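Only one structure is covered here, and it is reproduced in the block below.
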Amino acid sequence: MKGQSYVWEGAIPLQIHLHESEVTTMPAPAPALVLAPRIGYLPLLLPLVKPHFASALPPGVDTPWFDYKGLPLKWYVPTGVLFDLLCHEPERPWNLTVHFRGYPNNLLMPYEGEDSVKWNFINSLKEADYIINGNCKNVMHMSQSDQLELWRSVMNGSLEAYLRASSKLRLGTVEDEYTLDLDLCKPKSPKTSEVDVAGQVKAGKVPVRLYIWTVSTDFEDLEDVPNIDSWDKISYVNRPVEFLKEEGRCFTLLDALKTLLPEFFNGNSMLNEEPCGLEDEEDKQNAPEEDSISLRKAKEGKETSCQIAESCRKGGDAEIKLVRIQGIEPKLEIPFSWIVNNLKNPEHFLHICLYLKLPIVNTA
Amino acid sequence: MDLFSWDGTLSYKEFAVAAAPTFVHKWERLNSSSPSWIWMEGYLSLDNFCLLPSSHQESLFDANLIQKEVNEEETIDDDDATLVHSNKSYDGAHYYDFHIVYSASYRVPALYFRGYCCDGRPLMLNEIEKDLPSCSAKVLLESKWSFITLEEHPYMNRPWYKLHPCGTSEWMKLLFLSDAVMAKNGLAIDQYLVSWFSVVGQVVGLRTPIKMVKSIHDN
């Protein structure tokens with residue numbers, strides 16, 4: 001799977017500034033330039049970043065965290081996902097601010113060193129194991145040293161070591177079925193004749209984490225830069241995709257999104273009438289400027305989802321403005337199995353960033 | 001559905017349409033002195049629950065009490081006082097919000113909770129541990145990362161403590177299989193949360209009145 005190696009090599013150039021309130025030297029230290037792996041997590045960069053700023057820091061205990069334009073960044077979300085979600089127009093280098101004081105405990109899960117990141121990873125892996133196999137035994141029965149080896153491979157971005165360590169997990173057996181599925185989509189593939197697909201077709205489950213930002217064209221005020229300034233504006237959906245393989249028909253990315261989000265797409269034919277692909281380049285560029293925020297009234301995610309669902313019931317399906325996975329914007333008719341096999345993160349979750357435009361509701 | 005082939009899980013629809021209303025209704029009927037669980041379009045919520053300082057609640061958190069309770073069923077109404085609604089305030093009391101959220105990954109309910117002092121300061125895990133029954137504090141110590149974890153509340157978008165739901169389907173299956181009436185009449189999925197909470201509530205010191213569990217079949 002060539003895509004996987006591209007994903008593992010993927011990195012985002014960061015320009016990290018020390019927050020001005022923590023600068024104790026004149027002149028202020030220059031920003032640190034770091035290359036951040038997409039599949040990595042921001043705190044893993046601290047061994048590179050901290051020495052750079054150490055001399056400028058006030059005395060005290062470090063509680064490091066990052067923000068982007070004032071939005072505290074969740075360290076437990078992979079760096080590539082944060083970039084795809086929060087940078088509508090990819091910004092290179094990506095300008096982040098690092099803080100070593102004043103951890104926002106009420107907003108972010110506590111960070112207690114590299115172990116926090118490691119256990120977050122292992123817990124996600126366990127969750128993926130449960131979704132795929134119906135229990136967590138593969139991960140639970142992994143020896144400490146195998147777990148460590150797996151974690152180190154992610155930390156070091158070594159795909160080879162990862163494949164070696166994760167082969168013991170037997171999460172790959174599901175992958176083989178997707179490969180089958182992939183073959184179904186290409187009838188000319190020489191493999192097809194060898195595979196007796198008729199009786200073998202069965203459901204598969206894919207661990208997915210979805211981050212949804214909704215926009216509505218009703219919003220007229222275009223003056224503000226459309227930054228996502230609060231996590232409450234993002235609906236987070238953590239649901240597995242279950243799909244049945246049908247002979248002669250491919251389960252596409254669009255099928256997966258419709259399965260995942262029945263509250264947004266309740267069967268209206270609108271999506272089918274549209275060409276199965278993303279909007280052209282021009283549309284994509286306009287999308288972020290069109291509306292600066294979604295649902296300013298909504299204070300919490302749940303309200304947002306409720307309003308969205310309500311809006312969809314009244315006005316038909318939401319419109320997909322943008323799908324971004326691992327920095328690419330795949331066409332919606334791409335086989336979902338290909339997406340999963342090539343673009344999933346090492347904890348076996350596929351992270352999808354989605355911008356949706358809500359249907360206009362006639363309140364008259 | 002056949003109880004023996006059941007895997008111990010439930011769908012979101014079963015959670016929202018059958019199990020949650022049954023649980024709310026029963027709790028209301030049999031815990032009239034306690035605040036009610038409220039359905040929040042996707043999850044159940046019981047906010048502002050007050051736990052008295054530990055000197056008052058030792059008996060509540062005694063693991064043997066569960067057995068004792070079975071023997072002294074007649075008198076259990078008296079100990080409702082250990083869980084007090086926040087209308088009254090006590091020095092050093094801890095307040096808890098409990099939410100029951102459906103986990104689509106594990107296809108079971110998961111308990112999220114957070115604790116805070118009367119001045120609103122959130123409780124740290126080591127303070128919460130002191131409020132926990134001694135039996136769960138021990139489990140907590142042994143498996144720091146997999147039993148109670150801080151995780152993001154999927155609806156509140158903030159870190160909350162969560163009882164890890166990884167083993168839930170297995171013990172729920174055992175719990176239902178051991179139920180004689182269900183073994184005879186088949187799976188009663190609407191009773192899922194009542195049974196589930198009779199176990200999970202104990203871990204966090206929120207006991208389900210024995211009447212509630214006993215009355216599973218007398219609707």
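Order determines the names: the first chain of the structure tokens is A, the second B, and so forth; residues in each chain are numbered 1 upward, and ligands are numbered 1 upward as they are shown.
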Close residues, Trp196 in chain B itself excluded, 10 Å, only C-alpha atoms, min 2 positions apart in chain, as a PDB file with N, CA, C and O atoms, in the first residue's frame:
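Output below, filename selection-v3.pdb:
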ATOM      1  N   PHE B  23     -35.230   3.137  32.314  1.00  0.00           N
ATOM      2  CA  PHE B  23     -34.357   3.457  33.438  1.00  0.00           C
ATOM      3  C   PHE B  23     -34.817   4.736  34.140  1.00  0.00           C
ATOM      4  O   PHE B  23     -34.945   4.780  35.366  1.00  0.00           O
ATOM      5  N   VAL B 108     -22.214  -0.142  23.886  1.00  0.00           N
ATOM      6  CA  VAL B 108     -22.723  -0.245  25.256  1.00  0.00           C
ATOM      7  C   VAL B 108     -22.776   1.164  25.841  1.00  0.00           C
ATOM      8  O   VAL B 108     -22.168   2.082  25.299  1.00  0.00           O
ATOM      9  N   PRO B 109     -23.483   1.342  26.970  1.00  0.00           N
ATOM     10  CA  PRO B 109     -23.448   2.650  27.617  1.00  0.00           C
ATOM     11  C   PRO B 109     -22.112   2.849  28.330  1.00  0.00           C
ATOM     12  O   PRO B 109     -21.470   1.874  28.730  1.00  0.00           O
ATOM     13  N   ALA B 110     -21.706   4.101  28.480  1.00  0.00           N
ATOM     14  CA  ALA B 110     -20.496   4.406  29.249  1.00  0.00           C
ATOM     15  C   ALA B 110     -20.837   5.514  30.232  1.00  0.00           C
ATOM     16  O   ALA B 110     -21.582   6.430  29.905  1.00  0.00           O
ATOM     17  N   THR B 168     -17.749  -4.224  29.269  1.00  0.00           N
ATOM     18  CA  THR B 168     -19.173  -4.155  29.612  1.00  0.00           C
ATOM     19  C   THR B 168     -20.011  -5.254  28.966  1.00  0.00           C
ATOM     20  O   THR B 168     -20.818  -5.901  29.637  1.00  0.00           O
ATOM     21  N   SER B 169     -19.819  -5.475  27.673  1.00  0.00           N
ATOM     22  CA  SER B 169     -20.701  -6.434  26.993  1.00  0.00           C
ATOM     23  C   SER B 169     -20.565  -7.821  27.609  1.00  0.00           C
ATOM     24  O   SER B 169     -21.548  -8.549  27.737  1.00  0.00           O
ATOM     25  N   TRP B 171     -19.742  -8.709  30.837  1.00  0.00           N
ATOM     26  CA  TRP B 171     -20.442  -8.917  32.103  1.00  0.00           C
ATOM     27  C   TRP B 171     -21.937  -8.672  32.002  1.00  0.00           C
ATOM     28  O   TRP B 171     -22.728  -9.239  32.751  1.00  0.00           O
ATOM     29  N   MET B 172     -22.362  -7.869  31.039  1.00  0.00           N
ATOM     30  CA  MET B 172     -23.807  -7.686  30.844  1.00  0.00           C
ATOM     31  C   MET B 172     -24.454  -8.979  30.365  1.00  0.00           C
ATOM     32  O   MET B 172     -25.563  -9.322  30.770  1.00  0.00           O
ATOM     33  N   LEU B 175     -24.750 -11.165  33.336  1.00  0.00           N
ATOM     34  CA  LEU B 175     -25.783 -10.658  34.224  1.00  0.00           C
ATOM     35  C   LEU B 175     -27.178 -11.053  33.726  1.00  0.00           C
ATOM     36  O   LEU B 175     -28.026 -11.503  34.490  1.00  0.00           O
ATOM     37  N   PHE B 176     -27.389 -10.908  32.445  1.00  0.00           N
ATOM     38  CA  PHE B 176     -28.695 -11.241  31.872  1.00  0.00           C
ATOM     39  C   PHE B 176     -28.922 -12.752  31.866  1.00  0.00           C
ATOM     40  O   PHE B 176     -30.035 -13.223  32.067  1.00  0.00           O
ATOM     41  N   GLN B 191     -34.534  -3.420  29.822  1.00  0.00           N
ATOM     42  CA  GLN B 191     -34.010  -3.465  31.201  1.00  0.00           C
ATOM     43  C   GLN B 191     -32.489  -3.276  31.237  1.00  0.00           C
ATOM     44  O   GLN B 191     -31.865  -3.376  32.289  1.00  0.00           O
ATOM     45  N   TYR B 192     -31.898  -3.049  30.066  1.00  0.00           N
ATOM     46  CA  TYR B 192     -30.433  -3.016  29.972  1.00  0.00           C
ATOM     47  C   TYR B 192     -29.813  -2.010  30.945  1.00  0.00           C
ATOM     48  O   TYR B 192     -28.927  -2.345  31.717  1.00  0.00           O
ATOM     49  N   LEU B 193     -30.293  -0.797  30.940  1.00  0.00           N
ATOM     50  CA  LEU B 193     -29.660   0.230  31.768  1.00  0.00           C
ATOM     51  C   LEU B 193     -29.907   0.009  33.257  1.00  0.00           C
ATOM     52  O   LEU B 193     -29.055   0.334  34.082  1.00  0.00           O
ATOM     53  N   VAL B 194     -31.061  -0.540  33.599  1.00  0.00           N
ATOM     54  CA  VAL B 194     -31.333  -0.825  35.003  1.00  0.00           C
ATOM     55  C   VAL B 194     -30.314  -1.826  35.524  1.00  0.00           C
ATOM     56  O   VAL B 194     -29.683  -1.622  36.572  1.00  0.00           O
ATOM     57  N   SER B 198     -26.936  -1.106  38.030  1.00  0.00           N
ATOM     58  CA  SER B 198     -26.835  -1.780  39.321  1.00  0.00           C
ATOM     59  C   SER B 198     -25.383  -2.184  39.587  1.00  0.00           C
ATOM     60  O   SER B 198     -24.968  -2.328  40.727  1.00  0.00           O
ATOM     61  N   VAL B 199     -24.607  -2.359  38.531  1.00  0.00           N
ATOM     62  CA  VAL B 199     -23.183  -2.682  38.681  1.00  0.00           C
ATOM     63  C   VAL B 199     -22.335  -1.412  38.648  1.00  0.00           C
ATOM     64  O   VAL B 199     -21.536  -1.157  39.549  1.00  0.00           O
ATOM     65  N   VAL B 200     -22.529  -0.605  37.612  1.00  0.00           N
ATOM     66  CA  VAL B 200     -21.688   0.575  37.410  1.00  0.00           C
ATOM     67  C   VAL B 200     -21.879   1.598  38.530  1.00  0.00           C
ATOM     68  O   VAL B 200     -20.923   2.223  38.987  1.00  0.00           O
ATOM     69  N   GLY B 201     -23.110   1.739  38.996  1.00  0.00           N
ATOM     70  CA  GLY B 201     -23.388   2.689  40.057  1.00  0.00           C
ATOM     71  C   GLY B 201     -22.602   2.376  41.316  1.00  0.00           C
ATOM     72  O   GLY B 201     -22.157   3.273  42.030  1.00  0.00           O
ATOM     73  N   THR B 208     -27.837   1.451  43.195  1.00  0.00           N
ATOM     74  CA  THR B 208     -29.195   1.305  42.711  1.00  0.00           C
ATOM     75  C   THR B 208     -29.990   0.636  43.828  1.00  0.00           C
ATOM     76  O   THR B 208     -29.558  -0.387  44.335  1.00  0.00           O
ATOM     77  N   VAL B 213     -33.721  -3.161  40.947  1.00  0.00           N
ATOM     78  CA  VAL B 213     -33.256  -4.329  40.211  1.00  0.00           C
ATOM     79  C   VAL B 213     -34.272  -5.463  40.340  1.00  0.00           C
ATOM     80  O   VAL B 213     -34.574  -6.167  39.390  1.00  0.00           O
TER      81      VAL B 213
END
| field | chain B contacts on chain A, only C-alpha atoms, 9 Å, as a VMD selection string | value | chain A and resid 105 to 110 119 123 126 to 128 130 to 131 134 to 136 207 231 to 232 235 to 240 300 to 303 306
| field | Neighbour list for range 44-49 of chain B as a PyMOL selection string, cut-off 6 Å, only C-alpha atoms, skip fewer than 3 positions in-chain | value | chain B and resi 37-40+85+95-100
Dump as a compact mmCIF listing (two decimals), in the first residue's frame, selection limited to all heavy atoms:
# COMPACT_ATOMS: atom_id res chain seq x y z
N TRP B 37 -32.99 11.40 36.57
CA TRP B 37 -32.15 11.39 35.36
C TRP B 37 -32.92 12.10 34.26
O TRP B 37 -34.13 11.93 34.13
CB TRP B 37 -31.84 9.96 34.93
CG TRP B 37 -30.85 9.29 35.82
CD1 TRP B 37 -31.12 8.58 36.94
CD2 TRP B 37 -29.42 9.24 35.64
NE1 TRP B 37 -29.96 8.10 37.49
CE2 TRP B 37 -28.90 8.48 36.71
CE3 TRP B 37 -28.54 9.77 34.69
CZ2 TRP B 37 -27.53 8.24 36.85
CZ3 TRP B 37 -27.19 9.52 34.83
CH2 TRP B 37 -26.69 8.77 35.91
N ILE B 38 -32.20 12.87 33.48
CA ILE B 38 -32.86 13.63 32.41
C ILE B 38 -32.27 13.23 31.06
O ILE B 38 -31.05 13.14 30.91
CB ILE B 38 -32.69 15.14 32.63
CG1 ILE B 38 -33.38 15.55 33.94
CG2 ILE B 38 -33.29 15.94 31.47
CD1 ILE B 38 -32.95 16.91 34.43
N TRP B 39 -33.13 12.99 30.11
CA TRP B 39 -32.68 12.66 28.74
C TRP B 39 -32.31 13.94 28.02
O TRP B 39 -33.11 14.86 27.92
CB TRP B 39 -33.82 11.92 28.00
CG TRP B 39 -33.49 11.61 26.58
CD1 TRP B 39 -34.02 12.18 25.46
CD2 TRP B 39 -32.57 10.61 26.10
NE1 TRP B 39 -33.48 11.62 24.33
CE2 TRP B 39 -32.58 10.66 24.69
CE3 TRP B 39 -31.71 9.69 26.73
CZ2 TRP B 39 -31.80 9.82 23.89
CZ3 TRP B 39 -30.92 8.86 25.93
CH2 TRP B 39 -30.97 8.94 24.54
N MET B 40 -31.03 14.00 27.55
CA MET B 40 -30.53 15.22 26.94
C MET B 40 -30.32 15.06 25.43
O MET B 40 -29.29 15.45 24.90
CB MET B 40 -29.19 15.61 27.57
CG MET B 40 -29.21 15.74 29.09
SD MET B 40 -30.14 17.14 29.65
CE MET B 40 -29.05 18.48 29.19
N HIS B 85 -29.38 15.59 47.70
CA HIS B 85 -29.46 16.56 46.62
C HIS B 85 -28.87 17.89 47.08
O HIS B 85 -28.83 18.19 48.27
CB HIS B 85 -30.92 16.73 46.18
CG HIS B 85 -31.01 17.50 44.90
ND1 HIS B 85 -31.92 18.49 44.69
CD2 HIS B 85 -30.28 17.41 43.78
CE1 HIS B 85 -31.75 18.98 43.48
NE2 HIS B 85 -30.77 18.35 42.90
N TYR B 95 -19.54 17.46 44.90
CA TYR B 95 -20.67 17.36 43.99
C TYR B 95 -20.24 16.62 42.73
O TYR B 95 -19.11 16.77 42.26
CB TYR B 95 -21.19 18.75 43.64
CG TYR B 95 -21.73 19.47 44.84
CD1 TYR B 95 -20.86 20.20 45.66
CD2 TYR B 95 -23.06 19.39 45.19
CE1 TYR B 95 -21.34 20.84 46.80
CE2 TYR B 95 -23.55 20.02 46.32
CZ TYR B 95 -22.68 20.75 47.12
OH TYR B 95 -23.15 21.35 48.24
N TYR B 96 -21.14 15.83 42.21
CA TYR B 96 -20.83 15.05 41.02
C TYR B 96 -21.90 15.23 39.96
O TYR B 96 -23.09 15.29 40.27
CB TYR B 96 -20.70 13.56 41.38
CG TYR B 96 -19.39 13.23 42.04
CD1 TYR B 96 -19.22 13.38 43.41
CD2 TYR B 96 -18.30 12.78 41.28
CE1 TYR B 96 -18.01 13.09 44.02
CE2 TYR B 96 -17.09 12.49 41.89
CZ TYR B 96 -16.95 12.65 43.26
OH TYR B 96 -15.75 12.37 43.85
N ASP B 97 -21.44 15.29 38.71
CA ASP B 97 -22.35 15.19 37.57
C ASP B 97 -22.11 13.83 36.94
O ASP B 97 -20.96 13.45 36.68
CB ASP B 97 -22.03 16.27 36.52
CG ASP B 97 -22.29 17.68 37.05
OD1 ASP B 97 -23.05 17.80 38.03
OD2 ASP B 97 -21.74 18.63 36.46
N PHE B 98 -23.18 13.10 36.72
CA PHE B 98 -23.07 11.78 36.08
C PHE B 98 -23.81 11.82 34.74
O PHE B 98 -24.96 12.25 34.69
CB PHE B 98 -23.71 10.70 36.96
CG PHE B 98 -23.01 10.49 38.27
CD1 PHE B 98 -23.49 11.07 39.43
CD2 PHE B 98 -21.86 9.71 38.33
CE1 PHE B 98 -22.84 10.87 40.65
CE2 PHE B 98 -21.21 9.51 39.54
CZ PHE B 98 -21.69 10.09 40.70
N HIS B 99 -23.15 11.35 33.69
CA HIS B 99 -23.80 11.25 32.39
C HIS B 99 -23.65 9.84 31.84
O HIS B 99 -22.56 9.26 31.91
CB HIS B 99 -23.18 12.24 31.39
CG HIS B 99 -23.51 13.68 31.67
ND1 HIS B 99 -23.06 14.71 30.90
CD2 HIS B 99 -24.27 14.25 32.66
CE1 HIS B 99 -23.51 15.86 31.39
NE2 HIS B 99 -24.24 15.61 32.46
N ILE B 100 -24.72 9.31 31.31
CA ILE B 100 -24.65 7.99 30.66
C ILE B 100 -24.71 8.23 29.16
O ILE B 100 -25.72 8.70 28.63
CB ILE B 100 -25.83 7.09 31.11
CG1 ILE B 100 -25.80 6.90 32.63
CG2 ILE B 100 -25.75 5.74 30.40
CD1 ILE B 100 -27.03 6.16 33.16
| request: Please indicate the distance in Å from CA of Ile328 in chain A to CA of Asn341 in chain A, rounded to one decimal place. | output: 14.7 Å
| field | Coordinates-based distance that separates CA of Leu96 in chain A from CA of Gln15 in chain A (Å, one decimal) | value |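 It comes out at 6.2 Å.
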| task | Considering only C-alpha atoms, state which residue in the set B:Lys13, B:Lys162, B:Arg114, B:Asp179 is at the smallest distance from Glu127 in chain B. | result |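 Among the listed residues, the smallest separation from Glu127 in chain B belongs to B:Arg114.
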| What is the distance between CA of Val98 in chain A and CA of Val34 in chain A, in Å to one decimal? | 12.4 Å
| message | When you count only C-alpha atoms, which of these residues is closest to Val204 in chain B: B:Ser136, B:Ser11, B:Asn126, B:Asn185? | response | B:Ser136
| task | DSSP on the backbone, then: every residue of range 104-210 of chain B marked helix (DSSP H, G or I), written as number ranges by chain. | result | B: 125-131, 134-142, 165-177, 180-185, 189-203, 210
